[in-house]
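Step one of this worksheet: look at the structure below.
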There are 2 protein chains.
Amino acid sequence: MTAQRELILKIFLDSEDEHMSAEEVYRKVLNRRLRISKATVYRTVDLLSDVGLLRRIVFRDGVIRYELVSKDEHHHHHIICTECGRVEEFPFDLLDDLEKLIEKSTGYKITDHQLKFYGLCSECAKKKSNEATDEATKKATK
Amino acid sequence: MTAQRELILKIFLDSEDEHMSAEEVYRKVLNRRLRISKATVYRTVDLLSDVGLLRRIVFRDGVIRYELVSKDEHHHHHIICTECGRVEEFPFDLLDDLEKLIEKSTGYKITDHQLKFYGLCSECAKKKSNEATDEATKKATK
DNA sequence: CTATATGCAAAAATTTTGCCTGGTA
DNA sequence: TACCAGGCAAAATTTTTGCATATAG
């Protein structure tokens, strides 16, 4: 356990519900006016994931992000706004039955599952529908 | 519609249930002794995804892969072996109710969802349990 | 004291871009 | 013909690696 590893964990603890890429973690380190080399950040988040303190999550952009794994954590999933990129979590799981079904039908021994919903958050949905209305008005007036 | 785009679509049609990264598509082009520049492959899979002929899927390694979208397709999901990387599909969805629940509780307008199971395929599971047994035998004999 | 982690810089891998040329409609 | 797509190579981005030095245990 080194100062660098502690600091990186601390960054995750301090920004509880964020999902950060290695790059973003590195930026946060700089923001705190501390110096850890980029290589160490990459190595460390990888290591922390391997030992189970972080979890790798990947959205459609292909960027590997990391989130804190809390001990008492309920299985949770993510909903991502395709417009602004905001990520929220929701605590329902309900997939245990499905998981068992899949195990039976495929012969896999399932260890994990990840569910992601994509869509528009309420703000972006509103914005979009306003734009659509504006367009229509413009056309009608033209 | 150009020869390059057709060829790339053809590659997806010929390898129906594969999930290929741009890089892999490019390699398949070379295997057919044809020449499309790498840039075109990247641009094309991206474009084909935007127009809805391909779908972007991302597993935990963060590599963006693409799969063919068939017109009559039932929503399907993926199960990935964490040992050998094999990917299989399964045709159950069953998430419509959950989706509605999420829409209500978050205010999002959901447009898509992706569910992935991770685990060991039956082969890798067998291999692992054999290894474990071997280890135990070794220890006992020692 | 030994093994392991870090920093740095270079290398590798991956993806995007600019610009000119060629083909499509 | 006008415009859009493709090829190529360079650039940008992201991630990994080698090696010397520093640090933890």
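Each chain of the structure tokens is named A, B, ... in the order shown, its residues numbered from 1; ligands are numbered from 1 in display order.
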Report chain A as a JSON list (two decimals) with C-alpha atoms, in the first residue's frame in the frame of chain B, after least-squares superposition over all C-alpha atoms paired in order.
```json
[["chain", "number", "residue", "atom", "x", "y", "z"],
["A", 1, "MET", "CA", -23.22, 3.41, -51.84],
["A", 2, "THR", "CA", -19.70, 2.45, -52.82],
["A", 3, "ALA", "CA", -17.89, -0.80, -53.38],
["A", 4, "GLN", "CA", -16.06, -0.39, -50.08],
["A", 5, "ARG", "CA", -19.23, -0.01, -48.09],
["A", 6, "GLU", "CA", -20.81, -2.95, -49.80],
["A", 7, "LEU", "CA", -17.79, -5.08, -49.09],
["A", 8, "ILE", "CA", -17.79, -4.19, -45.44],
["A", 9, "LEU", "CA", -21.45, -5.00, -45.12],
["A", 10, "LYS", "CA", -20.82, -8.25, -46.94],
["A", 11, "ILE", "CA", -18.18, -9.15, -44.41],
["A", 12, "PHE", "CA", -20.73, -8.76, -41.67],
["A", 13, "LEU", "CA", -23.30, -10.75, -43.60],
["A", 14, "ASP", "CA", -20.82, -13.56, -44.20],
["A", 15, "SER", "CA", -19.79, -13.85, -40.58],
["A", 16, "GLU", "CA", -23.25, -13.50, -39.21],
["A", 17, "ASP", "CA", -22.86, -13.84, -35.51],
["A", 18, "GLU", "CA", -19.48, -12.29, -35.02],
["A", 19, "HIS", "CA", -18.76, -9.12, -33.22],
["A", 20, "MET", "CA", -15.93, -7.37, -34.90],
["A", 21, "SER", "CA", -13.91, -4.32, -34.08],
["A", 22, "ALA", "CA", -12.89, -1.96, -36.87],
["A", 23, "GLU", "CA", -9.45, -3.51, -36.70],
["A", 24, "GLU", "CA", -10.86, -7.00, -37.17],
["A", 25, "VAL", "CA", -12.97, -5.91, -40.09],
["A", 26, "TYR", "CA", -9.88, -4.46, -41.67],
["A", 27, "ARG", "CA", -8.05, -7.75, -41.23],
["A", 28, "LYS", "CA", -10.91, -9.60, -42.89],
["A", 29, "VAL", "CA", -10.67, -7.27, -45.82],
["A", 30, "LEU", "CA", -6.99, -8.12, -46.17],
["A", 31, "ASN", "CA", -7.74, -11.82, -45.88],
["A", 32, "ARG", "CA", -9.93, -11.52, -48.92],
["A", 33, "ARG", "CA", -6.96, -9.99, -50.68],
["A", 34, "LEU", "CA", -8.81, -6.77, -51.15],
["A", 35, "ARG", "CA", -7.65, -3.31, -50.33],
["A", 36, "ILE", "CA", -9.59, -0.79, -48.37],
["A", 37, "SER", "CA", -7.68, 1.70, -46.34],
["A", 38, "LYS", "CA", -7.89, 1.41, -42.62],
["A", 39, "ALA", "CA", -9.28, 4.92, -42.41],
["A", 40, "THR", "CA", -12.16, 3.97, -44.66],
["A", 41, "VAL", "CA", -12.95, 0.96, -42.53],
["A", 42, "TYR", "CA", -13.11, 3.11, -39.43],
["A", 43, "ARG", "CA", -15.20, 5.71, -41.19],
["A", 44, "THR", "CA", -17.50, 3.15, -42.69],
["A", 45, "VAL", "CA", -18.36, 1.08, -39.63],
["A", 46, "ASP", "CA", -19.04, 4.33, -37.86],
["A", 47, "LEU", "CA", -21.28, 5.49, -40.62],
["A", 48, "LEU", "CA", -23.09, 2.19, -40.91],
["A", 49, "SER", "CA", -23.77, 2.38, -37.20],
["A", 50, "ASP", "CA", -25.11, 5.88, -37.48],
["A", 51, "VAL", "CA", -27.55, 4.88, -40.18],
["A", 52, "GLY", "CA", -28.58, 1.84, -38.19],
["A", 53, "LEU", "CA", -27.19, -1.03, -40.23],
["A", 54, "LEU", "CA", -24.69, -1.92, -37.57],
["A", 55, "ARG", "CA", -24.88, -1.65, -33.83],
["A", 56, "ARG", "CA", -22.00, -0.72, -31.58],
["A", 57, "ILE", "CA", -21.40, -3.08, -28.70],
["A", 58, "VAL", "CA", -18.72, -2.82, -26.10],
["A", 59, "PHE", "CA", -17.59, -5.48, -23.67],
["A", 60, "ARG", "CA", -15.41, -5.00, -20.66],
["A", 61, "ASP", "CA", -12.21, -4.66, -22.65],
["A", 62, "GLY", "CA", -13.41, -1.33, -23.98],
["A", 63, "VAL", "CA", -13.05, -2.33, -27.61],
["A", 64, "ILE", "CA", -15.89, -1.05, -29.76],
["A", 65, "ARG", "CA", -17.27, -3.92, -31.76],
["A", 66, "TYR", "CA", -19.99, -3.91, -34.34],
["A", 67, "GLU", "CA", -22.73, -6.33, -35.17],
["A", 68, "LEU", "CA", -25.25, -6.49, -37.92],
["A", 69, "VAL", "CA", -28.70, -5.18, -37.18],
["A", 70, "SER", "CA", -31.25, -7.40, -38.87],
["A", 71, "LYS", "CA", -34.63, -5.93, -39.60],
["A", 72, "ASP", "CA", -36.73, -8.60, -37.95],
["A", 73, "GLU", "CA", -34.41, -8.97, -35.07],
["A", 74, "HIS", "CA", -35.58, -9.81, -31.64],
["A", 75, "HIS", "CA", -33.85, -7.90, -28.91],
["A", 76, "HIS", "CA", -30.97, -10.11, -27.89],
["A", 77, "HIS", "CA", -28.11, -9.92, -25.46],
["A", 78, "HIS", "CA", -24.66, -11.27, -24.93],
["A", 79, "ILE", "CA", -22.87, -13.61, -22.63],
["A", 80, "ILE", "CA", -19.11, -13.31, -22.58],
["A", 81, "CYS", "CA", -16.65, -15.84, -21.26],
["A", 82, "THR", "CA", -14.14, -13.98, -19.14],
["A", 83, "GLU", "CA", -11.58, -16.70, -19.73],
["A", 84, "CYS", "CA", -11.52, -17.31, -23.47],
["A", 85, "GLY", "CA", -13.43, -14.28, -24.68],
["A", 86, "ARG", "CA", -16.04, -16.24, -26.57],
["A", 87, "VAL", "CA", -19.29, -14.39, -27.05],
["A", 88, "GLU", "CA", -22.68, -15.95, -27.36],
["A", 89, "GLU", "CA", -26.06, -14.47, -27.84],
["A", 90, "PHE", "CA", -29.30, -15.31, -26.22],
["A", 91, "PRO", "CA", -32.66, -14.32, -27.49],
["A", 92, "PHE", "CA", -34.62, -13.66, -24.32],
["A", 93, "ASP", "CA", -35.42, -10.16, -23.53],
["A", 94, "LEU", "CA", -37.95, -9.83, -20.74],
["A", 95, "LEU", "CA", -36.79, -6.38, -19.84],
["A", 96, "ASP", "CA", -39.69, -4.38, -21.18],
["A", 97, "ASP", "CA", -41.36, -4.16, -17.81],
["A", 98, "LEU", "CA", -38.17, -3.15, -16.13],
["A", 99, "GLU", "CA", -37.62, -0.55, -18.82],
["A", 100, "LYS", "CA", -40.99, 1.02, -18.13],
["A", 101, "LEU", "CA", -40.26, 1.05, -14.44],
["A", 102, "ILE", "CA", -37.00, 2.85, -15.02],
["A", 103, "GLU", "CA", -38.61, 5.38, -17.31],
["A", 104, "LYS", "CA", -41.10, 6.23, -14.63],
["A", 105, "SER", "CA", -38.64, 6.47, -11.80],
["A", 106, "THR", "CA", -35.95, 8.43, -13.63],
["A", 107, "GLY", "CA", -37.84, 10.52, -16.14],
["A", 108, "TYR", "CA", -35.65, 9.25, -18.95],
["A", 109, "LYS", "CA", -36.97, 8.47, -22.37],
["A", 110, "ILE", "CA", -35.31, 5.14, -22.94],
["A", 111, "THR", "CA", -34.33, 4.17, -26.45],
["A", 112, "ASP", "CA", -32.19, 1.13, -25.96],
["A", 113, "HIS", "CA", -30.78, -1.21, -23.40],
["A", 114, "GLN", "CA", -27.96, -3.66, -23.34],
["A", 115, "LEU", "CA", -27.52, -6.52, -20.98],
["A", 116, "LYS", "CA", -24.36, -8.52, -20.68],
["A", 117, "PHE", "CA", -23.57, -11.54, -18.61],
["A", 118, "TYR", "CA", -20.01, -12.42, -17.77],
["A", 119, "GLY", "CA", -18.85, -15.78, -16.60],
["A", 120, "LEU", "CA", -17.15, -18.98, -17.61],
["A", 121, "CYS", "CA", -18.30, -20.98, -20.56],
["A", 122, "SER", "CA", -18.76, -24.65, -19.84],
["A", 123, "GLU", "CA", -15.38, -25.57, -21.33],
["A", 124, "CYS", "CA", -13.43, -23.03, -19.35],
["A", 125, "ALA", "CA", -15.36, -23.88, -16.22],
["A", 126, "LYS", "CA", -14.39, -27.50, -16.68],
["A", 127, "LYS", "CA", -10.79, -26.61, -17.33],
["A", 128, "LYS", "CA", -10.68, -24.51, -14.20],
["A", 129, "SER", "CA", -12.16, -27.12, -11.96],
["A", 130, "ASN", "CA", -9.67, -29.66, -13.30],
["A", 131, "GLU", "CA", -6.83, -27.32, -12.52],
["A", 132, "ALA", "CA", -8.16, -26.85, -9.04],
["A", 133, "THR", "CA", -8.29, -30.60, -8.54],
["A", 134, "ASP", "CA", -4.76, -31.00, -9.85],
["A", 135, "GLU", "CA", -3.56, -28.40, -7.43],
["A", 136, "ALA", "CA", -5.21, -30.14, -4.54],
["A", 137, "THR", "CA", -3.72, -33.47, -5.55],
["A", 138, "LYS", "CA", -0.29, -31.94, -5.84],
["A", 139, "LYS", "CA", -0.52, -30.43, -2.40],
["A", 140, "ALA", "CA", -1.76, -33.62, -0.84],
["A", 141, "THR", "CA", 1.06, -35.61, -2.43],
["A", 142, "LYS", "CA", 3.76, -33.16, -1.52]]
```
Counting only C-alpha atoms (C1' of nucleotides), a student should be able to say which residues of chain D come within 10 Å of chain A; what is the right answer, written as a PyMOL selection string? chain D and resi 14-17+23-25
Listing only residues of chain C within 12 Å of chain A, what is the closest atom pair and its distance in Å (to one decimal) for each, using only C-alpha atoms (C1' of nucleotides), sorted by chain and residue number ascending, as CSV?
```
residue,atom,partner,partner_atom,distance
C:DT4,C1',A:Met1,CA,10.6
C:DA5,C1',A:Thr2,CA,7.9
C:DT6,C1',A:Thr40,CA,6.8
C:DG7,C1',A:Ser37,CA,6.1
C:DC8,C1',A:Ser37,CA,8.1
C:DA9,C1',A:Ala39,CA,10.9
C:DT14,C1',A:Gly62,CA,11.9
C:DT15,C1',A:Gly62,CA,11.9
```
How about saving the chosen residues, all heavy atoms kept, as a short mmCIF file (atom, residue, chain, number, x, y, z; two decimals), in the first residue's frame?
```cif
data_model
loop_
_atom_site.label_atom_id
_atom_site.label_comp_id
_atom_site.auth_asym_id
_atom_site.auth_seq_id
_atom_site.Cartn_x
_atom_site.Cartn_y
_atom_site.Cartn_z
P DT C 4 8.15 -9.29 -5.41
OP1 DT C 4 7.13 -10.35 -5.18
OP2 DT C 4 9.07 -9.33 -6.57
"O5'" DT C 4 7.39 -7.91 -5.40
"C5'" DT C 4 7.01 -7.30 -4.15
"C4'" DT C 4 6.82 -5.83 -4.39
"O4'" DT C 4 8.09 -5.14 -4.47
"C3'" DT C 4 6.10 -5.51 -5.71
"O3'" DT C 4 5.03 -4.66 -5.37
"C2'" DT C 4 7.16 -4.85 -6.56
"C1'" DT C 4 8.02 -4.18 -5.48
N1 DT C 4 9.41 -3.81 -5.86
C2 DT C 4 9.84 -2.54 -5.54
O2 DT C 4 9.14 -1.71 -4.97
N3 DT C 4 11.14 -2.26 -5.91
C4 DT C 4 12.02 -3.10 -6.55
O4 DT C 4 13.15 -2.74 -6.81
C5 DT C 4 11.50 -4.42 -6.86
C7 DT C 4 12.37 -5.41 -7.56
C6 DT C 4 10.24 -4.70 -6.51
P DA C 5 4.05 -4.08 -6.43
OP1 DA C 5 2.69 -4.26 -5.89
OP2 DA C 5 4.42 -4.61 -7.76
"O5'" DA C 5 4.39 -2.53 -6.42
"C5'" DA C 5 4.27 -1.82 -5.18
"C4'" DA C 5 4.59 -0.36 -5.42
"O4'" DA C 5 5.99 -0.22 -5.73
"C3'" DA C 5 3.83 0.26 -6.58
"O3'" DA C 5 3.42 1.55 -6.17
"C2'" DA C 5 4.83 0.26 -7.72
"C1'" DA C 5 6.16 0.41 -6.98
N9 DA C 5 7.29 -0.23 -7.62
C8 DA C 5 7.35 -1.51 -8.12
N7 DA C 5 8.51 -1.82 -8.64
C5 DA C 5 9.28 -0.68 -8.48
C6 DA C 5 10.61 -0.37 -8.82
N6 DA C 5 11.44 -1.22 -9.43
N1 DA C 5 11.06 0.87 -8.52
C2 DA C 5 10.23 1.73 -7.91
N3 DA C 5 8.96 1.55 -7.54
C4 DA C 5 8.55 0.31 -7.86
P DT C 6 2.80 2.53 -7.16
OP1 DT C 6 1.89 3.40 -6.38
OP2 DT C 6 2.34 1.79 -8.33
"O5'" DT C 6 4.06 3.40 -7.58
"C5'" DT C 6 4.68 4.24 -6.60
"C4'" DT C 6 5.70 5.12 -7.29
"O4'" DT C 6 6.72 4.29 -7.87
"C3'" DT C 6 5.13 5.97 -8.42
"O3'" DT C 6 5.46 7.32 -8.16
"C2'" DT C 6 5.79 5.43 -9.68
"C1'" DT C 6 7.06 4.77 -9.14
N1 DT C 6 7.58 3.61 -9.90
C2 DT C 6 8.89 3.62 -10.33
O2 DT C 6 9.65 4.56 -10.13
N3 DT C 6 9.29 2.49 -11.00
C4 DT C 6 8.53 1.38 -11.29
O4 DT C 6 8.99 0.43 -11.89
C5 DT C 6 7.16 1.43 -10.81
C7 DT C 6 6.25 0.27 -11.05
C6 DT C 6 6.76 2.54 -10.15
P DG C 7 4.82 8.47 -9.00
OP1 DG C 7 4.56 9.62 -8.09
OP2 DG C 7 3.73 7.89 -9.80
"O5'" DG C 7 6.02 8.85 -9.97
"C5'" DG C 7 7.28 9.15 -9.42
"C4'" DG C 7 8.26 9.45 -10.54
"O4'" DG C 7 8.69 8.20 -11.13
"C3'" DG C 7 7.69 10.29 -11.69
"O3'" DG C 7 8.66 11.28 -12.01
"C2'" DG C 7 7.48 9.29 -12.82
"C1'" DG C 7 8.53 8.23 -12.53
N9 DG C 7 8.17 6.87 -12.91
C8 DG C 7 6.95 6.25 -12.74
N7 DG C 7 6.94 5.00 -13.14
C5 DG C 7 8.23 4.77 -13.59
C6 DG C 7 8.80 3.60 -14.15
O6 DG C 7 8.28 2.49 -14.33
N1 DG C 7 10.14 3.79 -14.48
C2 DG C 7 10.84 4.97 -14.31
N2 DG C 7 12.11 4.95 -14.69
N3 DG C 7 10.31 6.08 -13.79
C4 DG C 7 9.01 5.90 -13.46
P DC C 8 8.32 12.53 -12.86
OP1 DC C 8 9.02 13.67 -12.23
OP2 DC C 8 6.86 12.58 -13.12
"O5'" DC C 8 9.05 12.20 -14.23
"C5'" DC C 8 10.41 11.76 -14.22
"C4'" DC C 8 10.72 11.05 -15.51
"O4'" DC C 8 10.21 9.71 -15.48
"C3'" DC C 8 10.09 11.71 -16.73
"O3'" DC C 8 11.13 12.25 -17.53
"C2'" DC C 8 9.34 10.60 -17.44
"C1'" DC C 8 9.91 9.34 -16.81
N1 DC C 8 8.99 8.18 -16.74
C2 DC C 8 9.46 6.91 -17.06
O2 DC C 8 10.65 6.78 -17.39
N3 DC C 8 8.63 5.85 -17.00
C4 DC C 8 7.35 6.04 -16.63
N4 DC C 8 6.57 4.96 -16.59
C5 DC C 8 6.84 7.33 -16.31
C6 DC C 8 7.69 8.38 -16.38
P DA C 9 10.76 13.19 -18.77
OP1 DA C 9 11.63 14.37 -18.69
OP2 DA C 9 9.30 13.33 -18.92
"O5'" DA C 9 11.29 12.28 -19.97
"C5'" DA C 9 12.31 11.30 -19.72
"C4'" DA C 9 12.22 10.26 -20.80
"O4'" DA C 9 11.25 9.23 -20.44
"C3'" DA C 9 11.73 10.82 -22.14
"O3'" DA C 9 12.42 10.16 -23.18
"C2'" DA C 9 10.25 10.48 -22.14
"C1'" DA C 9 10.29 9.10 -21.46
N9 DA C 9 9.02 8.68 -20.88
C8 DA C 9 8.00 9.47 -20.41
N7 DA C 9 6.97 8.80 -19.95
C5 DA C 9 7.33 7.47 -20.13
C6 DA C 9 6.67 6.27 -19.86
N6 DA C 9 5.46 6.20 -19.30
N1 DA C 9 7.32 5.12 -20.17
C2 DA C 9 8.53 5.19 -20.72
N3 DA C 9 9.26 6.27 -21.03
C4 DA C 9 8.59 7.39 -20.71
P DT C 14 -4.16 -2.29 -30.98
OP1 DT C 14 -5.03 -3.22 -30.24
OP2 DT C 14 -3.61 -2.61 -32.32
"O5'" DT C 14 -4.94 -0.91 -31.11
"C5'" DT C 14 -5.34 -0.23 -29.91
"C4'" DT C 14 -5.94 1.08 -30.30
"O4'" DT C 14 -4.91 1.97 -30.76
"C3'" DT C 14 -6.95 0.99 -31.45
"O3'" DT C 14 -8.19 1.46 -30.94
"C2'" DT C 14 -6.38 1.88 -32.55
"C1'" DT C 14 -5.46 2.79 -31.74
N1 DT C 14 -4.32 3.40 -32.45
C2 DT C 14 -4.15 4.76 -32.37
O2 DT C 14 -4.91 5.50 -31.75
N3 DT C 14 -3.07 5.25 -33.04
C4 DT C 14 -2.15 4.53 -33.77
O4 DT C 14 -1.22 5.10 -34.33
C5 DT C 14 -2.38 3.10 -33.83
C7 DT C 14 -1.45 2.23 -34.59
C6 DT C 14 -3.44 2.61 -33.16
P DT C 15 -9.50 1.46 -31.84
OP1 DT C 15 -10.63 1.33 -30.91
OP2 DT C 15 -9.34 0.54 -32.98
"O5'" DT C 15 -9.52 2.95 -32.39
"C5'" DT C 15 -9.52 4.02 -31.43
"C4'" DT C 15 -9.37 5.32 -32.15
"O4'" DT C 15 -8.08 5.40 -32.77
"C3'" DT C 15 -10.38 5.55 -33.29
"O3'" DT C 15 -11.18 6.66 -32.89
"C2'" DT C 15 -9.53 5.81 -34.53
"C1'" DT C 15 -8.19 6.19 -33.93
N1 DT C 15 -6.99 5.94 -34.74
C2 DT C 15 -6.14 6.99 -35.01
O2 DT C 15 -6.35 8.14 -34.62
N3 DT C 15 -5.04 6.69 -35.75
C4 DT C 15 -4.69 5.44 -36.25
O4 DT C 15 -3.67 5.29 -36.90
C5 DT C 15 -5.62 4.38 -35.93
C7 DT C 15 -5.33 2.99 -36.42
C6 DT C 15 -6.71 4.67 -35.20
#
```
Run DSSP on the backbone and grab whatever in range 20-132 of chain B lands in helix (DSSP H, G or I); send it over as number ranges by chain. B: 22-31, 38-50, 96-106, 122-132
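As for C1' of DG18 in chain C and C1' of DA5 in chain D, they are spaced 14.3 Å apart.
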Check chain A with DSSP on the backbone and list each residue it calls strand (DSSP E or B), as an MDAnalysis selection string. chainID A and resid 20:21 54:58 64:68 77:81 87:90 109:120
